[in-house]
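What follows is the content of work.txt, which has compact mmCIF, C-alpha atoms:
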# COMPACT_ATOMS: atom_id res chain seq x y z
CA MET A 211 101.70 90.29 140.41
CA MET A 212 103.10 89.33 137.00
CA LYS A 213 105.35 86.31 136.92
CA ARG A 214 108.92 86.76 135.71
CA ILE A 215 108.60 85.02 132.33
CA GLU A 216 104.84 85.18 131.94
CA GLY A 217 103.63 84.19 128.47
CA LYS A 218 107.04 83.15 127.13
CA VAL A 219 107.78 79.83 125.42
CA ALA A 220 110.94 78.14 126.67
CA VAL A 221 112.75 75.14 125.23
CA ILE A 222 114.92 73.27 127.72
CA THR A 223 117.18 70.42 126.66
CA GLY A 224 118.13 67.68 129.09
CA ALA A 225 115.05 68.65 131.11
CA GLY A 226 114.46 65.14 132.42
CA ALA A 227 116.70 65.40 135.47
CA GLY A 228 119.03 67.55 137.55
CA MET A 229 119.45 71.20 136.59
CA GLY A 230 117.25 70.77 133.53
CA ARG A 231 114.32 69.47 135.55
CA ALA A 232 114.74 72.13 138.23
CA THR A 233 114.81 74.81 135.53
CA ALA A 234 111.76 73.45 133.74
CA ILE A 235 109.75 73.38 136.99
CA LEU A 236 110.86 76.90 137.95
CA PHE A 237 110.14 78.30 134.48
CA ALA A 238 106.61 76.87 134.54
CA LYS A 239 106.07 78.30 138.02
CA GLU A 240 107.16 81.71 136.69
CA GLY A 241 104.61 81.65 133.88
CA ALA A 242 106.40 80.12 130.88
CA THR A 243 105.06 77.43 128.61
CA VAL A 244 107.84 74.85 128.68
CA ALA A 245 108.94 72.53 125.89
CA VAL A 246 110.53 69.76 127.94
CA THR A 247 113.05 67.82 125.85
CA ASP A 248 115.24 64.90 126.83
CA VAL A 249 116.74 61.81 125.24
CA ASN A 250 115.28 59.76 128.10
CA GLY A 251 111.53 59.46 127.62
CA ALA A 252 110.72 58.28 131.13
CA ASP A 253 112.67 61.12 132.74
CA GLY A 254 111.16 63.71 130.42
CA ARG A 255 107.62 62.54 131.06
CA GLU A 256 108.23 62.65 134.82
CA THR A 257 109.30 66.30 134.54
CA LEU A 258 106.14 66.96 132.54
CA ARG A 259 104.05 65.25 135.24
CA LEU A 260 105.62 67.36 137.98
CA ILE A 261 104.92 70.58 136.05
CA GLU A 262 101.33 69.64 135.30
CA ALA A 263 100.76 68.57 138.92
CA ALA A 264 101.61 72.16 139.89
CA ASP A 265 99.21 73.53 137.23
CA GLY A 266 102.03 74.58 134.91
CA LYS A 267 101.96 74.50 131.13
CA ALA A 268 104.32 72.14 129.31
CA ARG A 269 104.69 69.45 126.69
CA PHE A 270 107.35 66.78 126.29
CA TRP A 271 109.36 65.98 123.16
CA PRO A 272 111.92 63.14 123.09
CA MET A 273 115.06 64.54 121.43
CA ASN A 274 118.69 63.55 121.05
CA VAL A 275 120.54 66.86 120.70
CA SER A 276 123.44 65.18 118.87
CA LYS A 277 121.18 64.26 115.91
CA GLU A 278 120.57 67.27 113.65
CA GLU A 279 117.46 65.89 111.95
CA GLU A 280 115.86 65.17 115.33
CA VAL A 281 116.62 68.70 116.50
CA LYS A 282 115.34 70.25 113.28
CA ARG A 283 112.09 68.27 113.41
CA THR A 284 111.52 68.91 117.12
CA PHE A 285 112.02 72.65 116.90
CA ALA A 286 109.65 72.82 113.94
CA GLU A 287 107.03 70.94 115.98
CA ILE A 288 107.54 73.21 118.99
CA GLU A 289 107.07 76.31 116.84
CA LYS A 290 103.97 74.80 115.21
CA THR A 291 102.52 73.87 118.61
CA PHE A 292 103.25 77.06 120.54
CA GLY A 293 103.71 79.61 117.75
CA ARG A 294 107.02 80.98 118.99
CA ILE A 295 110.22 80.31 120.93
CA ASP A 296 111.37 83.02 123.33
CA ILE A 297 113.94 81.18 125.43
CA LEU A 298 116.37 78.33 124.76
CA VAL A 299 118.28 76.65 127.57
CA ASN A 300 121.02 74.42 126.16
CA ASN A 301 121.39 72.20 129.21
CA ALA A 302 121.84 68.66 127.83
CA GLY A 303 125.33 67.37 128.47
CA VAL A 304 127.55 64.42 129.34
CA THR A 305 130.83 64.22 131.25
CA GLY A 306 132.41 61.40 129.29
CA VAL A 307 135.53 59.50 130.25
CA ASP A 308 137.84 60.58 133.04
CA LYS A 309 141.22 60.13 131.39
CA PRO A 310 144.23 62.32 130.63
CA THR A 311 144.38 63.54 127.04
CA HIS A 312 146.96 61.01 125.84
CA GLU A 313 144.75 58.10 126.91
CA VAL A 314 141.48 59.30 125.32
CA SER A 315 140.32 57.53 122.17
CA GLU A 316 138.81 59.36 119.22
CA GLN A 317 135.48 57.65 119.90
CA GLU A 318 135.50 58.78 123.53
CA TRP A 319 136.37 62.34 122.52
CA ASP A 320 133.67 62.45 119.84
CA ALA A 321 131.01 61.10 122.22
CA VAL A 322 131.40 64.16 124.46
CA PHE A 323 131.60 66.69 121.66
CA ALA A 324 128.53 65.21 119.94
CA VAL A 325 126.30 66.15 122.87
CA ASP A 326 128.06 69.03 124.62
CA VAL A 327 129.15 71.02 121.56
CA LYS A 328 127.18 69.85 118.53
CA GLY A 329 124.05 69.73 120.68
CA VAL A 330 124.41 73.42 121.54
CA PHE A 331 125.16 74.20 117.90
CA PHE A 332 122.16 72.31 116.51
CA CYS A 333 119.66 73.71 119.00
CA THR A 334 120.92 77.26 118.54
CA LYS A 335 120.82 76.79 114.76
CA TYR A 336 117.14 75.93 114.79
CA ALA A 337 116.02 78.25 117.60
CA VAL A 338 117.55 81.44 116.20
CA PRO A 339 115.39 81.68 113.03
CA VAL A 340 112.26 81.38 115.18
CA MET A 341 113.54 84.05 117.57
CA LEU A 342 114.36 86.35 114.67
CA LYS A 343 110.69 86.28 113.72
CA ASN A 344 109.89 87.56 117.22
CA GLY A 345 112.59 90.21 117.07
CA LYS A 346 114.06 89.04 120.37
CA GLY A 347 115.06 86.00 122.38
CA SER A 348 117.31 84.70 125.12
CA ILE A 349 119.66 81.73 124.89
CA VAL A 350 121.34 80.35 128.01
CA ASN A 351 124.11 77.81 127.43
CA ILE A 352 125.11 75.59 130.32
CA SER A 353 128.90 75.39 130.32
CA SER A 354 130.86 74.58 133.48
CA ILE A 355 133.60 75.84 135.74
CA TYR A 356 135.64 73.46 133.58
CA GLY A 357 134.89 75.75 130.66
CA LEU A 358 136.81 78.47 132.52
CA VAL A 359 139.63 76.71 134.40
CA GLY A 360 141.56 73.48 134.24
CA SER A 361 141.59 70.58 136.67
CA HIS A 362 142.96 67.08 137.15
CA GLU A 363 140.00 65.30 135.50
CA LEU A 364 137.76 64.94 132.41
CA SER A 365 139.91 66.09 129.49
CA PRO A 366 137.25 65.92 126.71
CA TYR A 367 134.69 67.60 128.97
CA HIS A 368 137.03 70.55 129.62
CA ALA A 369 137.58 71.04 125.90
CA ALA A 370 133.88 70.74 125.10
CA LYS A 371 132.77 73.20 127.78
CA GLY A 372 135.51 75.61 126.72
CA ALA A 373 134.03 75.49 123.24
CA VAL A 374 130.57 76.29 124.63
CA THR A 375 132.00 79.29 126.51
CA LEU A 376 133.41 80.81 123.32
CA MET A 377 130.42 79.85 121.16
CA THR A 378 128.33 81.85 123.62
CA LYS A 379 130.43 84.97 123.21
CA LYS A 380 130.53 84.64 119.44
CA ASP A 381 126.76 84.24 119.14
CA ALA A 382 126.19 87.13 121.55
CA VAL A 383 128.16 89.37 119.20
CA THR A 384 126.46 88.00 116.08
CA TYR A 385 122.84 88.30 117.22
CA GLY A 386 122.90 91.20 119.70
CA LYS A 387 121.62 93.83 117.28
CA GLN A 388 118.81 91.47 116.30
CA GLY A 389 117.52 91.33 119.85
CA ILE A 390 118.83 87.89 120.81
CA ARG A 391 120.89 87.67 123.98
CA VAL A 392 123.25 84.73 124.54
CA ASN A 393 124.85 84.00 127.91
CA SER A 394 126.53 81.06 129.61
CA ILE A 395 126.20 79.60 133.09
CA HIS A 396 129.19 77.88 134.73
CA PRO A 397 128.08 75.60 137.57
CA GLY A 398 130.48 74.31 140.16
CA THR A 399 129.80 71.00 141.88
CA ILE A 400 126.02 70.64 141.78
CA LEU A 401 124.27 67.62 143.28
CA THR A 402 122.68 66.34 140.08
CA PRO A 403 122.32 62.65 139.14
CA LEU A 404 125.20 63.21 136.69
CA VAL A 405 127.53 64.47 139.43
CA ARG A 406 126.44 61.77 141.85
CA GLU A 407 127.31 59.14 139.23
CA LEU A 408 130.65 60.82 138.52
CA GLY A 409 131.47 60.95 142.22
CA SER A 410 130.57 57.31 142.71
CA ARG A 411 133.43 56.35 140.34
CA MET A 412 136.01 57.84 142.70
CA GLU A 413 137.87 55.78 145.28
CA GLY A 414 135.82 56.10 148.45
CA GLY A 415 132.67 56.73 146.46
CA LEU A 416 130.39 59.76 146.52
CA PRO A 417 131.14 60.84 150.14
CA ALA A 418 134.86 61.08 149.33
CA TYR A 419 134.14 62.98 146.11
CA LEU A 420 131.89 65.49 147.86
CA LYS A 421 134.43 66.05 150.62
CA LEU A 422 137.13 66.70 148.03
CA MET A 423 135.01 69.04 145.92
CA SER A 424 133.40 70.88 148.85
CA GLU A 425 136.86 71.86 150.06
CA LYS A 426 137.52 73.48 146.66
CA HIS A 427 134.47 75.73 146.96
CA PRO A 428 135.05 78.67 149.33
CA ILE A 429 131.38 78.56 150.32
CA GLY A 430 132.16 75.14 151.81
CA HIS A 431 129.60 72.88 150.20
CA ALA A 432 128.20 71.69 146.88
CA GLY A 433 125.25 73.39 145.24
CA GLU A 434 121.75 72.19 144.39
CA PRO A 435 120.07 72.17 140.95
CA GLU A 436 117.72 74.92 142.15
CA ASP A 437 120.71 77.24 142.68
CA VAL A 438 121.55 77.01 139.00
CA ALA A 439 117.92 77.19 137.90
CA ALA A 440 117.54 80.56 139.64
CA ALA A 441 120.52 81.96 137.73
CA ILE A 442 119.21 80.60 134.43
CA LEU A 443 115.83 82.21 135.10
CA PHE A 444 117.47 85.58 135.65
CA LEU A 445 119.46 85.45 132.41
CA ALA A 446 116.46 84.17 130.46
CA SER A 447 114.16 86.90 131.74
CA ASP A 448 113.83 90.52 130.67
CA GLU A 449 115.46 91.47 133.97
CA ALA A 450 118.76 90.68 132.20
CA ARG A 451 117.90 92.73 129.09
CA PHE A 452 121.32 94.48 129.07
CA ILE A 453 123.33 91.31 129.67
CA THR A 454 124.74 89.32 126.76
CA GLY A 455 127.98 87.46 126.21
CA ALA A 456 128.36 87.00 129.96
CA ALA A 457 129.83 83.94 131.67
CA LEU A 458 128.07 83.66 135.02
CA ALA A 459 129.77 81.36 137.51
CA VAL A 460 127.36 79.63 139.90
CA ASP A 461 130.14 77.85 141.71
CA GLY A 462 130.34 78.71 145.40
CA GLY A 463 133.49 80.71 144.68
CA TYR A 464 135.40 77.87 142.98
CA THR A 465 136.78 80.07 140.17
CA ALA A 466 137.53 82.97 142.57
CA VAL A 467 140.41 81.10 144.19
Translate the structure of the given file into structure tokens.
Amino acid sequence: MMKRIEGKVAVITGAGAGMGRATAILFAKEGATVAVTDVNGADGRETLRLIEAADGKARFWPMNVSKEEEVKRTFAEIEKTFGRIDILVNNAGVTGVDKPTHEVSEQEWDAVFAVDVKGVFFCTKYAVPVMLKNGKGSIVNISSIYGLVGSHELSPYHAAKGAVTLMTKKDAVTYGKQGIRVNSIHPGTILTPLVRELGSRMEGGLPAYLKLMSEKHPIGHAGEPEDVAAAILFLASDEARFITGAALAVDGGYTAV
């Protein structure tokens, strides 16, 4: 039986932990050669080790998505190494400060946009020309429920993820006739290291945060990184060949309320 993305080359940013790691492991299991990228070398190499331990095919590149020259160089090396890029998962992201808009400094605002928005821009910029050579490709941008609705927290993060949502739709329109599909995923509360750290900042710590957020999800609990990875795999694969410009909520019903 053929695997779902057999023979494809996938670049995954922020693949050292959480949803990125889960996606990298799943992609390798489903037959892709995975370019694991992450700003954290130790985390990225651990993802590589886990893939190779399961007889998957991968290679690790350290990359800071907010630095254009790093992105340009890395994507050139990935193309030289593997000969093509079929899938890009723009997963790398940060939450930034939890302040209302009027208390956020320019530096704090820019720190979020550098990774969450410019990172998506830079990686798309250097993946698209390689995909155009193939005549097709799939880009999956990881936005957030906070790229669809407002909440009481994380002002810069909301704005950044909203930008990713609309960048996705714009690029879907731009590149559709050239065979490149672009979609966004909007996770709810997912138990990643990032979310655990965010929850630990709250009064009462992580248990209080999870109780609060679980009550906001009609399904009644937080999700796991593997839940998001499965949705990313679908959009990345040829099973979703007629889907582009979509915003897929993987949120336990959070945005349905």
Need to verify the contact set: Leu458 in chain A, 10 Å, all atoms listed in the file, exclusion of same-chain residues closer than 6 positions in sequence. Can you return it as a list in words? Ile352, Ser353, Ser354, Ile355, Asn393, Ser394, Ile395, His396, Pro397, Ala441, Ile442 and Leu445 of chain A
Option closest in space to Glu279 in chain A, from A:Ala242, A:Ala440, A:Val340, A:Cys333 [counting all atoms listed in the file]: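 Counting all atoms listed in the file, the residue closest to Glu279 in chain A is A:Cys333.
Between Thr311 in chain A and the residues A:Lys282, A:His431, A:His368, A:Lys290, the shortest atom-to-atom distance, using all atoms listed in the file, involves A:His368.
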Quick one: pull the distance between CA of Ser410 in chain A and CA of Met273 in chain A, Å, one decimal.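 Interatomic distance, CA of Ser410 in chain A to CA of Met273 in chain A: 27.3 Å.
Interatomic distance, CA of Thr223 in chain A against CA of Gly303 in chain A: 8.9 Å.
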Closest to Leu342 in chain A among A:Ala369, A:Ile390, A:Leu376, A:Leu364, using all atoms listed in the file?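 Among the listed residues, A:Ile390 lies closest to Leu342 in chain A.
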Which residues come within 12 Å of Leu422 in chain A, counting only C-alpha atoms, excluding same-chain residues fewer than 3 positions away, as a PyMOL selection string? chain A and resi 399+409+412-419+425-427+430-432
Just checking: using all atoms listed in the file, which residue out of A:Val275, A:Ala252, A:Leu236, A:Val221 ends up closest to Phe323 in chain A?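 Nearest to Phe323 in chain A: A:Val275.
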Shell around Glu280 in chain A at 12 Å using all atoms listed in the file, local window under 6 positions removed, as an MDAnalysis selection string: chainID A and resid 247:249 271:274 286:287 329 332:333 336
From the set A:Leu298, A:Ile222, A:Ile261, A:Ala459, which residue has the shortest atom-to-atom contact distance to Arg391 in chain A, counting all atoms listed in the file?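 Of the candidates, the smallest distance to Arg391 in chain A is held by A:Leu298.
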Select, from A:Pro403, A:Gly345, A:Gly398, A:Gly217, the residue with the minimum atom-to-atom distance to Gly462 in chain A, counting only C-alpha atoms. A:Gly398
Nearby residues (all atoms listed in the file) at most 10 Å from Gly306 in chain A, same-chain spacing under 5 positions excluded, as JSON, numbers by chain: {"A": [318, 319, 320, 321, 322, 323, 326, 364, 365, 366, 367, 408]}
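Computed from the coordinates, the CA of Met423 in chain A to CA of Val359 in chain A distance equals 14.6 Å.
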Within 12 Å of Asp381 in chain A, counting only C-alpha atoms, which residues show up once you throw out same-chain ones fewer than 6 positions away? Write them as JSON, numbers by chain, please. {"A": [330, 331, 334, 335, 338, 348, 349, 350, 351, 374, 375, 387, 388, 389, 390, 391, 392, 393, 394, 454, 455, 456]}
Fix up range 256-267 of chain A with all heavy atoms, then write it as a short mmCIF file (atom, residue, chain, number, x, y, z; two decimals), keeping the file's coordinate frame.
data_model
loop_
_atom_site.label_atom_id
_atom_site.label_comp_id
_atom_site.auth_asym_id
_atom_site.auth_seq_id
_atom_site.Cartn_x
_atom_site.Cartn_y
_atom_site.Cartn_z
N GLU A 256 108.35 62.38 133.39
CA GLU A 256 108.23 62.65 134.82
C GLU A 256 108.33 64.15 135.09
O GLU A 256 107.59 64.69 135.94
CB GLU A 256 109.30 61.89 135.60
CG GLU A 256 109.33 62.17 137.10
CD GLU A 256 108.05 61.79 137.84
OE1 GLU A 256 107.17 61.11 137.26
OE2 GLU A 256 107.92 62.22 139.01
N THR A 257 109.23 64.83 134.41
CA THR A 257 109.30 66.30 134.54
C THR A 257 107.98 66.93 134.12
O THR A 257 107.47 67.83 134.79
CB THR A 257 110.46 66.86 133.71
OG1 THR A 257 111.70 66.35 134.20
CG2 THR A 257 110.50 68.38 133.77
N LEU A 258 107.43 66.46 133.01
CA LEU A 258 106.14 66.96 132.54
C LEU A 258 105.06 66.74 133.61
O LEU A 258 104.26 67.64 133.90
CB LEU A 258 105.75 66.26 131.24
CG LEU A 258 104.37 66.59 130.67
CD1 LEU A 258 104.25 68.07 130.33
CD2 LEU A 258 104.09 65.73 129.44
N ARG A 259 105.05 65.56 134.21
CA ARG A 259 104.05 65.25 135.24
C ARG A 259 104.18 66.21 136.42
O ARG A 259 103.16 66.71 136.95
CB ARG A 259 104.22 63.80 135.72
CG ARG A 259 103.13 63.35 136.69
CD ARG A 259 103.49 62.05 137.38
NE ARG A 259 104.60 62.20 138.31
CZ ARG A 259 104.48 62.74 139.54
NH1 ARG A 259 103.31 63.19 139.96
NH2 ARG A 259 105.54 62.83 140.33
N LEU A 260 105.41 66.47 136.85
CA LEU A 260 105.62 67.36 137.98
C LEU A 260 105.15 68.78 137.67
O LEU A 260 104.57 69.46 138.54
CB LEU A 260 107.11 67.37 138.36
CG LEU A 260 107.64 66.07 138.95
CD1 LEU A 260 109.16 66.09 139.02
CD2 LEU A 260 107.06 65.82 140.34
N ILE A 261 105.37 69.23 136.45
CA ILE A 261 104.92 70.58 136.05
C ILE A 261 103.40 70.64 136.02
O ILE A 261 102.78 71.57 136.57
CB ILE A 261 105.50 70.96 134.67
CG1 ILE A 261 107.01 71.18 134.78
CG2 ILE A 261 104.81 72.21 134.12
CD1 ILE A 261 107.70 71.38 133.44
N GLU A 262 102.79 69.65 135.41
CA GLU A 262 101.33 69.64 135.30
C GLU A 262 100.67 69.48 136.67
O GLU A 262 99.59 70.05 136.91
CB GLU A 262 100.89 68.54 134.34
CG GLU A 262 101.28 68.83 132.90
CD GLU A 262 100.86 67.74 131.93
OE1 GLU A 262 100.65 66.59 132.38
OE2 GLU A 262 100.75 68.03 130.73
N ALA A 263 101.31 68.74 137.57
CA ALA A 263 100.76 68.57 138.92
C ALA A 263 100.72 69.90 139.68
O ALA A 263 99.91 70.07 140.60
CB ALA A 263 101.60 67.56 139.70
N ALA A 264 101.58 70.83 139.28
CA ALA A 264 101.61 72.16 139.89
C ALA A 264 100.87 73.19 139.04
O ALA A 264 101.06 74.39 139.20
CB ALA A 264 103.06 72.59 140.11
N ASP A 265 100.04 72.68 138.10
CA ASP A 265 99.21 73.53 137.23
C ASP A 265 100.04 74.38 136.26
O ASP A 265 99.59 75.45 135.83
CB ASP A 265 98.29 74.45 138.06
CG ASP A 265 97.28 73.65 138.88
OD1 ASP A 265 96.78 72.64 138.37
OD2 ASP A 265 97.02 74.05 140.04
N GLY A 266 101.23 73.90 135.92
CA GLY A 266 102.03 74.58 134.91
C GLY A 266 101.69 74.10 133.51
O GLY A 266 101.00 73.09 133.33
N LYS A 267 102.22 74.83 132.53
CA LYS A 267 101.96 74.50 131.13
C LYS A 267 103.24 73.96 130.49
O LYS A 267 104.29 74.61 130.51
CB LYS A 267 101.50 75.75 130.37
CG LYS A 267 100.14 76.28 130.84
CD LYS A 267 99.76 77.55 130.11
CE LYS A 267 100.60 78.73 130.55
NZ LYS A 267 100.16 80.00 129.93
#
